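Novice: What follows is a structure written as structure tokens; I'll ask about it next.
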There are 2 protein chains.
Amino acid sequence: MSDLKAGWFIEAMDSTGSAVGFRVREKLADVKTPYQHIEIYATTDFGNLMVIDGCIMLTGRENFFYHEMLTHPVLCTHPEVRHVAIIGGGDCGTLKEVLKHKNVKSVTQIDIDEQVTRLSEKYFPELCESNNDPRATLLFADGLKWIEKQAENSLDLLIIDSTDPVGVAEGLFEHPFYKLCFRALKPGGVLVQQSESPLLHTNLIADMQQKLQDVGFQSTDWLHFPQSCYPSGWWSATVARKGGELKLPYPPENCAVDTRYYNREIHKAALAKPQFWRQADKHS
Amino acid sequence: MSDLKAGWFIEAMDSTGSAVGFRVREKLADVKTPYQHIEIYATTDFGNLMVIDGCIMLTGRENFFYHEMLTHPVLCTHPEVRHVAIIGGGDCGTLKEVLKHKNVKSVTQIDIDEQVTRLSEKYFPELCESNNDPRATLLFADGLKWIEKQAENSLDLLIIDSTDPVGVAEGLFEHPFYKLCFRALKPGGVLVQQSESPLLHTNLIADMQQKLQDVGFQSTDWLHFPQSCYPSGWWSATVARKGGELKLPYPPENCAVDTRYYNREIHKAALAKPQFWRQADKHS
């Protein structure tokens with residue numbers, strides 16, 4: 001449900017009844033892949049803009065919130081993380097943040113659509129500057145099938161950096177996929193997944209925590225952060241740990257990664273729960 | 001720069017290059033006052049929507065973030081507050097939150113435009129439910145002229161709940177007004193003012209802190225919170241204290257106001273400073 005008129009790209013979302021948009025100067029690319037329709041625009045104030053199937057994915061100016069918050073809260077509190085997989089994340093922004101951590105020995109990124117990465121290399125080169133790091137492997141494959149083939153207890157951290165839970169990414173929010181993730185993670189391993197807007201998708205966040213616990217994750221939590229380009233401008237990530245307690249609520253020490261939003265204070269802030277969440281009976 | 005088409009009200013802001021909007025069912029009111037053009041819409045998912053001069057002011061569904069965060073962080077940490085004034089705030093949402101605090105003895109709301117309050121009474125009755133509290137006085141007058149007439153050292157808390165710093169509200173972000181505020185506040189008194197988006201108006205926040213210090217406020221700070229209906233979906237409030245140190249960083253105790261977003265954890269979260277703010281030389 002998108003609309004380009006009079007110099008603006010506006011995403012008006014039927015499912016939320018809200019719209020977000022940016023003023024654009026020109027369309028830079030329009031590619032139909034076997035999986036989706038990708039458009040790139042140059043905006044006047046937010047750098048380049050990537051749109052997939054009419055949904056705003058990221059802008060050059062403010063993707064740092066999302067990419068930092070999907071990675072550093074876990075990586076700064078889990079210095080033992082060595083082997084990481086990213087399912088989705090074709091723009092490579094999450095990969096870049098993960099590779100800032102020296103303890104990480106390998107990162108495999110599995111996105112179904114190679115064109116997302118090719119277009120990101122061209123129009124968001126700053127997100128792709130670590131793609132040639134020897135620790136990084138970029139695969140273009142179905143994440144669901146990939147995770148099925150992984151050895152049990154082989155991953156320390158699994159990041160699910162997907163689009164919304166409709167269409168191509170729908171299966172990434174369901175029990176069968178979570179079971180495979182649980183199996184592939186080492187004991188003490190952690191799963192992180194983007195989990196939509198705390199305001200608009202409160203029930204989705206609660207449901208995800210429940211599903212993750214259903215398949216065996218012993219402790220789950222979620223964190224939130226600003227993200228202008230997504231519905232409501234406020235976004236979340238859900239975190240789950242296989243065995244043992246999630247240690248996220250303790251601020252990281254000596255985690256000297258270079259960031260624009262994340263720091264120790266912000267780490268704690270992201271875990272503070274709004275009163276409406278505390279009051280909902282099902283979460284208390 | 002607004003646009004109503006195909007069932008959506010979209011505010012596309014020239015100054016930020018970003019747009020926010022909501023799907024609407026119908027226009028409920030369209031009033032031109034001596035000061036501004038006020039429109040009220042019924043949205044499909046966000047309750048009623050108030051628009052002033054084409055700018056989205058509030059929605060029924062998510063105004064609680066703004067109204068709670070403009071009031072409780074100060075009122076919960078300053079139990080000695082007795083006499084409060086609100087400049088602007090004609091929708092009465094801020095007034096309602098202030099009146100939740102039993103220690104408050106009087107609140108005077110001074111909005112230039114009576115029609116904002118009359119329309120809020122009709123279309124946002126939940127925000128106006130404390131308007132008849134005997135502690136409340138509603139005035140319709142120019143806030144700048146009102147503050148000039150107040151006795152020196154007469155107010156404990158002054159909340160500036162205005163529109164953006166252009167047009168009718170421009171003077172509320174300048175030295176002459178801040179001088180009058182400083183004069184009207186008691187020693188130890190606090191000023192709170194909405195201060196736009198931390199992402200889009202970082203310099204405005206820094207400038208406001210400087211101006212407030214220029215006129216004599218000894219300590220200033222700012223806090224942030226989600227606010228879907230404003231540009232970037234992330235908003236801020238600037239706080240300044242006349243003499244003595246601002247005690248905001250300490251979480252409030254026993255502040256049992258009924259809220260939907262605010263609580264002790266959120267109080268601390270709102271004060272966490274993003275890394276980009278810390279890194280900017282002028283703020284360090």
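Naming scheme: A, B, ... for chains in displayed order of the structure tokens; residues 1 onward per chain; ligands 1 onward as shown.
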Select residues of chain B: the criterion is any atom within 9 Å of an atom of chain A, counting only C-alpha atoms; output as a PyMOL selection string.
Specialist: chain B and resi 8-10+12-14+16-24+43-46+62+199+225-229+231-234+259-277+279
Novice: Take the residues just selected and output them with N, CA and C atoms as a short mmCIF file (atom, residue, chain, number, x, y, z; two decimals), in the first residue's frame.
Specialist:
data_model
loop_
_atom_site.label_atom_id
_atom_site.label_comp_id
_atom_site.auth_asym_id
_atom_site.auth_seq_id
_atom_site.Cartn_x
_atom_site.Cartn_y
_atom_site.Cartn_z
N TRP B 8 -6.76 9.00 3.87
CA TRP B 8 -5.64 9.14 4.80
C TRP B 8 -5.39 10.62 5.06
N PHE B 9 -5.05 10.96 6.32
CA PHE B 9 -4.51 12.28 6.59
C PHE B 9 -3.01 12.12 6.74
N ILE B 10 -2.26 12.73 5.83
CA ILE B 10 -0.80 12.63 5.85
C ILE B 10 -0.21 14.01 6.10
N ALA B 12 3.06 15.81 5.66
CA ALA B 12 4.38 15.72 5.03
C ALA B 12 5.10 17.02 5.36
N MET B 13 6.10 16.93 6.25
CA MET B 13 6.74 18.15 6.77
C MET B 13 7.90 18.61 5.90
N ASP B 14 7.76 19.80 5.34
CA ASP B 14 8.83 20.36 4.52
C ASP B 14 10.14 20.49 5.28
N THR B 16 11.42 18.77 7.76
CA THR B 16 12.16 17.56 8.14
C THR B 16 12.30 16.59 6.97
N GLY B 17 11.50 16.74 5.92
CA GLY B 17 11.54 15.79 4.81
C GLY B 17 10.96 14.45 5.18
N SER B 18 10.17 14.40 6.25
CA SER B 18 9.54 13.14 6.67
C SER B 18 8.03 13.35 6.82
N ALA B 19 7.30 12.25 6.73
CA ALA B 19 5.84 12.31 6.79
C ALA B 19 5.30 11.30 7.79
N VAL B 20 4.19 11.68 8.44
CA VAL B 20 3.48 10.80 9.35
C VAL B 20 2.00 10.94 9.02
N GLY B 21 1.25 9.86 9.14
CA GLY B 21 -0.17 9.98 8.87
C GLY B 21 -1.00 8.86 9.44
N PHE B 22 -2.31 9.02 9.33
CA PHE B 22 -3.26 8.04 9.85
C PHE B 22 -4.42 7.87 8.87
N ARG B 23 -4.96 6.67 8.82
CA ARG B 23 -6.14 6.44 8.00
C ARG B 23 -7.34 7.04 8.72
N VAL B 24 -8.15 7.80 8.00
CA VAL B 24 -9.28 8.48 8.63
C VAL B 24 -10.60 8.01 8.03
N THR B 43 -10.09 8.61 13.15
CA THR B 43 -9.22 7.67 12.44
C THR B 43 -9.78 6.25 12.60
N THR B 44 -9.24 5.33 11.82
CA THR B 44 -9.72 3.94 11.92
C THR B 44 -9.06 3.20 13.07
N ASP B 45 -7.83 3.59 13.45
CA ASP B 45 -7.06 2.81 14.43
C ASP B 45 -6.46 3.60 15.58
N PHE B 46 -6.52 4.91 15.51
CA PHE B 46 -5.84 5.74 16.52
C PHE B 46 -6.80 6.67 17.27
N GLU B 62 -2.47 7.46 21.36
CA GLU B 62 -1.09 7.47 21.83
C GLU B 62 -0.60 8.81 22.39
N LEU B 199 16.28 13.04 17.24
CA LEU B 199 16.96 12.69 15.99
C LEU B 199 17.01 13.87 15.03
N PHE B 225 11.18 10.01 24.67
CA PHE B 225 10.11 9.01 24.74
C PHE B 225 9.52 8.82 23.35
N PRO B 226 8.88 7.67 23.12
CA PRO B 226 8.25 7.43 21.81
C PRO B 226 7.04 8.37 21.65
N GLN B 227 6.80 8.85 20.46
CA GLN B 227 5.57 9.59 20.18
C GLN B 227 5.26 9.47 18.70
N SER B 228 4.51 8.42 18.36
CA SER B 228 4.23 8.06 16.96
C SER B 228 3.80 9.18 16.07
N CYS B 229 2.99 10.09 16.59
CA CYS B 229 2.33 11.04 15.71
C CYS B 229 3.19 12.25 15.38
N PRO B 231 7.05 13.96 14.05
CA PRO B 231 8.13 13.58 13.12
C PRO B 231 9.21 12.73 13.79
N SER B 232 9.55 11.62 13.17
CA SER B 232 10.53 10.63 13.62
C SER B 232 9.97 9.68 14.67
N GLY B 233 8.79 9.96 15.22
CA GLY B 233 8.21 9.04 16.20
C GLY B 233 8.93 9.03 17.54
N TRP B 234 9.80 10.00 17.76
CA TRP B 234 10.63 10.04 18.97
C TRP B 234 10.68 11.49 19.40
N THR B 259 -0.69 5.37 35.31
CA THR B 259 -0.11 5.72 34.02
C THR B 259 -0.20 4.55 33.05
N ARG B 260 0.10 4.83 31.78
CA ARG B 260 0.16 3.77 30.78
C ARG B 260 1.57 3.55 30.26
N TYR B 261 2.42 4.57 30.29
CA TYR B 261 3.80 4.42 29.84
C TYR B 261 4.77 4.60 31.02
N TYR B 262 4.62 5.68 31.75
CA TYR B 262 5.58 6.06 32.79
C TYR B 262 5.60 5.09 33.97
N ASN B 263 6.81 4.78 34.44
CA ASN B 263 7.03 4.13 35.73
C ASN B 263 8.49 4.40 36.11
N ARG B 264 8.96 3.84 37.20
CA ARG B 264 10.32 4.16 37.67
C ARG B 264 11.39 3.74 36.66
N GLU B 265 11.20 2.57 36.07
CA GLU B 265 12.17 2.09 35.08
C GLU B 265 12.21 3.02 33.87
N ILE B 266 11.01 3.40 33.41
CA ILE B 266 10.91 4.29 32.24
C ILE B 266 11.49 5.67 32.56
N HIS B 267 11.33 6.11 33.80
CA HIS B 267 11.92 7.38 34.24
C HIS B 267 13.42 7.40 33.96
N LYS B 268 14.09 6.34 34.41
CA LYS B 268 15.54 6.26 34.19
C LYS B 268 15.86 6.12 32.70
N ALA B 269 15.05 5.31 32.01
CA ALA B 269 15.28 5.08 30.58
C ALA B 269 15.22 6.38 29.79
N ALA B 270 14.26 7.23 30.16
CA ALA B 270 14.05 8.48 29.42
C ALA B 270 15.23 9.43 29.54
N LEU B 271 16.02 9.24 30.59
CA LEU B 271 17.17 10.13 30.81
C LEU B 271 18.47 9.59 30.22
N ALA B 272 18.45 8.36 29.73
CA ALA B 272 19.65 7.77 29.11
C ALA B 272 19.97 8.54 27.83
N LYS B 273 21.20 8.96 27.67
CA LYS B 273 21.56 9.77 26.50
C LYS B 273 22.14 8.90 25.38
N PRO B 274 21.58 9.07 24.16
CA PRO B 274 22.13 8.34 23.01
C PRO B 274 23.61 8.68 22.80
N GLN B 275 24.33 7.76 22.22
CA GLN B 275 25.75 7.96 22.00
C GLN B 275 26.01 9.18 21.12
N PHE B 276 25.17 9.44 20.12
CA PHE B 276 25.42 10.59 19.24
C PHE B 276 25.35 11.91 19.99
N TRP B 277 24.56 11.96 21.05
CA TRP B 277 24.48 13.16 21.88
C TRP B 277 25.76 13.32 22.70
N GLN B 279 28.63 12.21 21.99
CA GLN B 279 29.81 12.43 21.16
C GLN B 279 29.89 13.85 20.61
#
Novice: If chain A is fitted onto chain B by least squares over all C-alpha atoms, taken pair by pair in sequence order, what do its new coordinates look like as a short mmCIF file (atom, residue, chain, number, x, y, z; two decimals) with C-alpha atoms, in the first residue's frame?
Specialist:
data_model
loop_
_atom_site.label_atom_id
_atom_site.label_comp_id
_atom_site.auth_asym_id
_atom_site.auth_seq_id
_atom_site.Cartn_x
_atom_site.Cartn_y
_atom_site.Cartn_z
CA MET A 1 1.89 20.85 4.13
CA SER A 2 -0.89 18.38 4.64
CA ASP A 3 -2.68 16.13 2.27
CA LEU A 4 -5.95 14.27 2.61
CA LYS A 5 -6.60 11.75 -0.09
CA ALA A 6 -8.04 8.31 -0.47
CA GLY A 7 -8.97 8.13 3.20
CA TRP A 8 -5.66 9.13 4.79
CA PHE A 9 -4.53 12.28 6.57
CA ILE A 10 -0.81 12.62 5.83
CA GLU A 11 1.36 15.35 7.31
CA ALA A 12 4.36 15.74 5.02
CA MET A 13 6.73 18.16 6.77
CA ASP A 14 8.81 20.36 4.52
CA SER A 15 11.25 21.19 7.32
CA THR A 16 12.14 17.57 8.13
CA GLY A 17 11.53 15.80 4.81
CA SER A 18 9.52 13.17 6.68
CA ALA A 19 5.82 12.33 6.79
CA VAL A 20 3.48 10.81 9.35
CA GLY A 21 -0.19 9.98 8.85
CA PHE A 22 -3.26 8.04 9.84
CA ARG A 23 -6.15 6.44 7.99
CA VAL A 24 -9.28 8.47 8.63
CA ARG A 25 -12.96 7.65 8.44
CA GLU A 26 -14.35 11.19 8.44
CA LYS A 27 -13.67 14.79 9.30
CA LEU A 28 -15.50 15.68 12.50
CA ALA A 29 -14.72 19.40 12.77
CA ASP A 30 -13.06 22.19 10.81
CA VAL A 31 -12.72 25.47 12.71
CA LYS A 32 -10.82 28.60 11.76
CA THR A 33 -10.04 30.62 14.88
CA PRO A 34 -8.31 34.03 15.10
CA TYR A 35 -5.10 32.09 15.76
CA GLN A 36 -5.11 28.92 13.74
CA HIS A 37 -6.98 26.33 11.69
CA ILE A 38 -8.11 23.35 13.75
CA GLU A 39 -9.34 20.09 12.22
CA ILE A 40 -10.59 16.97 13.98
CA TYR A 41 -10.74 13.59 12.24
CA ALA A 42 -11.98 10.16 13.28
CA THR A 43 -9.23 7.66 12.44
CA THR A 44 -9.72 3.94 11.92
CA ASP A 45 -7.07 2.80 14.43
CA PHE A 46 -5.85 5.76 16.53
CA GLY A 47 -9.03 7.26 17.93
CA ASN A 48 -9.69 10.90 17.13
CA LEU A 49 -6.99 13.07 15.58
CA MET A 50 -6.42 16.81 16.13
CA VAL A 51 -4.61 18.79 13.44
CA ILE A 52 -3.60 22.46 13.80
CA ASP A 53 -2.48 24.40 10.73
CA GLY A 54 -1.88 21.10 8.94
CA CYS A 55 0.31 19.71 11.75
CA ILE A 56 -0.72 16.61 13.67
CA MET A 57 -1.17 17.54 17.35
CA LEU A 58 -2.44 14.39 18.99
CA THR A 59 -4.39 11.17 18.62
CA GLY A 60 -6.61 9.53 21.19
CA ARG A 61 -4.60 6.31 21.11
CA GLU A 62 -1.09 7.46 21.84
CA ASN A 63 -1.08 10.95 23.40
CA PHE A 64 -0.41 9.31 26.77
CA PHE A 65 3.33 9.11 26.07
CA TYR A 66 3.65 12.85 25.65
CA HIS A 67 1.34 13.95 28.46
CA GLU A 68 2.81 11.53 30.99
CA MET A 69 6.41 12.35 30.11
CA LEU A 70 5.89 16.10 30.25
CA THR A 71 4.60 15.83 33.82
CA HIS A 72 5.43 12.76 35.93
CA PRO A 73 9.25 12.74 35.66
CA VAL A 74 9.30 16.13 37.40
CA LEU A 75 6.25 15.76 39.63
CA CYS A 76 7.36 12.36 40.93
CA THR A 77 10.82 13.67 41.84
CA HIS A 78 9.66 17.02 43.26
CA PRO A 79 7.01 16.26 45.89
CA GLU A 80 7.23 19.85 47.14
CA VAL A 81 5.53 21.18 43.97
CA ARG A 82 2.36 23.10 44.96
CA HIS A 83 1.65 25.75 42.29
CA VAL A 84 1.83 24.83 38.61
CA ALA A 85 1.25 26.73 35.37
CA ILE A 86 0.86 25.18 31.92
CA ILE A 87 1.48 27.48 28.95
CA GLY A 88 -0.27 26.04 25.90
CA GLY A 89 -1.70 22.60 26.58
CA GLY A 90 -5.20 23.57 25.43
CA ASP A 91 -6.18 19.93 24.86
CA CYS A 92 -6.00 19.56 28.68
CA GLY A 93 -4.07 16.26 28.62
CA THR A 94 -1.13 17.76 30.51
CA LEU A 95 -3.50 19.36 33.04
CA LYS A 96 -5.11 15.98 33.71
CA GLU A 97 -1.74 14.34 34.42
CA VAL A 98 -0.61 17.17 36.73
CA LEU A 99 -3.83 16.89 38.74
CA LYS A 100 -3.10 13.22 39.46
CA HIS A 101 -0.55 14.51 41.99
CA LYS A 102 -2.22 15.15 45.35
CA ASN A 103 0.51 17.51 46.55
CA VAL A 104 -0.41 19.98 43.78
CA LYS A 105 -2.60 22.81 45.15
CA SER A 106 -3.23 24.85 42.00
CA VAL A 107 -2.79 24.51 38.26
CA THR A 108 -3.35 27.37 35.83
CA GLN A 109 -3.53 26.50 32.14
CA ILE A 110 -2.98 29.41 29.75
CA ASP A 111 -3.71 28.65 26.10
CA ILE A 112 -4.15 31.42 23.58
CA ASP A 113 -6.94 29.64 21.73
CA GLU A 114 -10.13 28.69 23.58
CA GLN A 115 -11.31 26.61 20.63
CA VAL A 116 -8.57 24.03 21.23
CA THR A 117 -10.08 23.34 24.65
CA ARG A 118 -13.69 23.42 23.43
CA LEU A 119 -12.89 20.92 20.67
CA SER A 120 -10.92 18.74 23.07
CA GLU A 121 -13.85 18.66 25.49
CA LYS A 122 -16.01 17.37 22.66
CA TYR A 123 -13.63 15.01 20.83
CA PHE A 124 -11.10 14.03 23.54
CA PRO A 125 -13.35 13.99 26.63
CA GLU A 126 -10.96 11.59 28.39
CA LEU A 127 -8.31 14.34 28.44
CA CYS A 128 -10.74 16.87 29.93
CA GLU A 129 -12.16 14.78 32.73
CA SER A 130 -10.29 16.79 35.40
CA ASN A 131 -11.13 20.25 33.99
CA ASN A 132 -13.61 20.83 36.79
CA ASP A 133 -11.16 19.91 39.53
CA PRO A 134 -11.31 22.83 42.03
CA ARG A 135 -7.53 23.15 41.81
CA ALA A 136 -7.67 23.91 38.05
CA THR A 137 -8.04 27.31 36.38
CA LEU A 138 -8.36 27.51 32.60
CA LEU A 139 -7.38 30.84 31.04
CA PHE A 140 -7.46 31.74 27.37
CA ALA A 141 -4.73 34.30 26.92
CA ASP A 142 -1.26 34.94 25.52
CA GLY A 143 1.17 32.94 27.66
CA LEU A 144 3.95 35.46 27.09
CA LYS A 145 1.83 38.31 28.46
CA TRP A 146 0.50 36.16 31.30
CA ILE A 147 3.91 35.14 32.58
CA GLU A 148 5.02 38.78 32.53
CA LYS A 149 2.29 39.65 35.04
CA GLN A 150 3.06 36.91 37.54
CA ALA A 151 4.65 37.75 40.86
CA GLU A 152 8.33 36.95 41.18
CA ASN A 153 9.06 33.61 42.89
CA SER A 154 5.44 32.49 42.70
CA LEU A 155 5.47 29.20 40.77
CA ASP A 156 6.90 25.79 41.61
CA LEU A 157 6.55 24.29 38.15
CA LEU A 158 6.04 25.80 34.72
CA ILE A 159 5.21 23.45 31.85
CA ILE A 160 5.45 24.77 28.30
CA ASP A 161 3.28 22.50 26.21
CA SER A 162 3.30 24.36 22.91
CA THR A 163 3.35 23.67 19.21
CA ASP A 164 6.60 23.76 17.21
CA PRO A 165 8.89 26.81 17.45
CA VAL A 166 7.40 28.48 14.38
CA GLY A 167 4.46 30.88 14.11
CA VAL A 168 2.37 31.43 17.24
CA ALA A 169 4.76 29.48 19.53
CA GLU A 170 8.07 30.87 18.24
CA GLY A 171 8.50 33.32 21.13
CA LEU A 172 8.23 30.47 23.62
CA PHE A 173 11.70 29.23 22.61
CA GLU A 174 13.57 32.54 23.04
CA HIS A 175 15.60 34.35 25.72
CA PRO A 176 13.01 37.04 26.62
CA PHE A 177 10.37 34.41 27.46
CA TYR A 178 12.84 32.26 29.38
CA LYS A 179 13.85 35.30 31.46
CA LEU A 180 10.21 35.83 32.44
CA CYS A 181 9.86 32.15 33.32
CA PHE A 182 12.97 32.27 35.49
CA ARG A 183 11.64 35.31 37.30
CA ALA A 184 8.20 33.75 37.96
CA LEU A 185 9.61 30.50 39.32
CA LYS A 186 10.46 30.10 43.01
CA PRO A 187 14.03 29.20 43.90
CA GLY A 188 14.17 25.46 43.29
CA GLY A 189 11.32 25.78 40.78
CA VAL A 190 11.39 23.76 37.59
CA LEU A 191 10.60 24.50 33.94
CA VAL A 192 9.62 21.70 31.53
CA GLN A 193 9.21 22.30 27.82
CA GLN A 194 8.51 20.02 24.87
CA SER A 195 11.68 20.11 22.80
CA GLU A 196 11.02 18.29 19.51
CA SER A 197 12.76 15.21 18.10
CA PRO A 198 16.15 14.05 19.46
CA LEU A 199 16.96 12.71 15.99
CA LEU A 200 15.78 15.62 13.84
CA HIS A 201 16.23 18.57 16.20
CA THR A 202 19.37 17.66 18.15
CA ASN A 203 20.70 21.19 17.81
CA LEU A 204 17.44 22.72 19.01
CA ILE A 205 17.68 20.69 22.22
CA ALA A 206 21.29 21.83 22.73
CA ASP A 207 20.34 25.44 21.98
CA MET A 208 17.44 25.37 24.44
CA GLN A 209 19.69 24.10 27.23
CA GLN A 210 22.11 26.91 26.45
CA LYS A 211 19.44 29.61 26.38
CA LEU A 212 17.97 28.41 29.66
CA GLN A 213 21.40 28.52 31.26
CA ASP A 214 21.98 31.98 29.74
CA VAL A 215 18.99 33.40 31.63
CA GLY A 216 20.05 31.89 34.94
CA PHE A 217 18.77 28.32 35.20
CA GLN A 218 21.55 26.51 37.02
CA SER A 219 20.95 23.01 35.86
CA THR A 220 19.24 21.58 32.76
CA ASP A 221 18.61 18.14 31.31
CA TRP A 222 16.35 16.49 28.74
CA LEU A 223 14.45 13.26 28.44
CA HIS A 224 13.02 11.32 25.51
CA PHE A 225 10.10 9.03 24.76
CA PRO A 226 8.25 7.46 21.82
CA GLN A 227 5.57 9.61 20.18
CA SER A 228 4.22 8.07 16.96
CA CYS A 229 2.31 11.06 15.71
CA TYR A 230 5.28 13.48 15.67
CA PRO A 231 8.12 13.60 13.12
CA SER A 232 10.53 10.65 13.61
CA GLY A 233 8.21 9.07 16.19
CA TRP A 234 10.63 10.06 18.97
CA TRP A 235 10.20 13.17 21.07
CA SER A 236 11.81 15.03 23.96
CA ALA A 237 11.20 17.35 26.89
CA THR A 238 13.77 19.78 28.25
CA VAL A 239 13.90 20.42 31.99
CA ALA A 240 15.60 23.28 33.86
CA ARG A 241 15.84 24.18 37.53
CA LYS A 242 16.17 27.61 39.12
CA GLY A 243 18.95 27.14 41.67
CA GLY A 244 20.10 23.87 43.11
CA GLU A 245 20.68 20.72 41.21
CA LEU A 246 18.08 18.95 39.11
CA LYS A 247 17.41 15.67 40.89
CA LEU A 248 15.79 13.94 37.92
CA PRO A 249 18.37 11.20 37.50
CA TYR A 250 17.22 9.62 40.76
CA PRO A 251 14.18 7.46 40.29
CA PRO A 252 11.07 8.54 42.12
CA GLU A 253 9.78 6.50 45.01
CA ASN A 254 6.19 5.95 46.06
CA CYS A 255 4.85 7.89 43.12
CA ALA A 256 1.71 5.88 42.64
CA VAL A 257 0.08 7.78 39.80
CA ASP A 258 -1.98 5.80 37.33
CA THR A 259 -0.11 5.71 34.00
CA ARG A 260 0.14 3.76 30.77
CA TYR A 261 3.79 4.42 29.83
CA TYR A 262 5.58 6.06 32.77
CA ASN A 263 7.02 4.13 35.71
CA ARG A 264 10.31 4.17 37.65
CA GLU A 265 12.18 2.09 35.06
CA ILE A 266 10.90 4.29 32.24
CA HIS A 267 11.91 7.39 34.23
CA LYS A 268 15.53 6.26 34.18
CA ALA A 269 15.28 5.08 30.58
CA ALA A 270 14.04 8.48 29.43
CA LEU A 271 17.16 10.13 30.82
CA ALA A 272 19.65 7.79 29.11
CA LYS A 273 21.54 9.78 26.50
CA PRO A 274 22.13 8.36 23.01
CA GLN A 275 25.76 7.99 22.01
CA PHE A 276 25.44 10.61 19.25
CA TRP A 277 24.49 13.19 21.90
CA ARG A 278 27.44 12.30 24.12
CA GLN A 279 29.82 12.46 21.20
CA ALA A 280 28.78 15.92 19.99
CA ASP A 281 31.52 18.20 21.29
CA LYS A 282 29.17 20.99 22.26
CA HIS A 283 27.25 18.79 24.68
CA SER A 284 30.16 16.93 26.28
#
Novice: Give the strand (DSSP E or B) residues of region 53-231 of chain A, as DSSP finds them on the backbone, and put them as number ranges by chain.
Specialist: A: 55-59, 83-88, 106-111, 136-140, 155-161, 185-194, 219-226
Novice: Report the residues of region 31-210 of chain B whose backbone DSSP state falls under alpha helix (DSSP H), written as a ChimeraX atom specification.
Specialist: /B:63-69,72-75,93-98,114-123,143-149,175-184,202-210
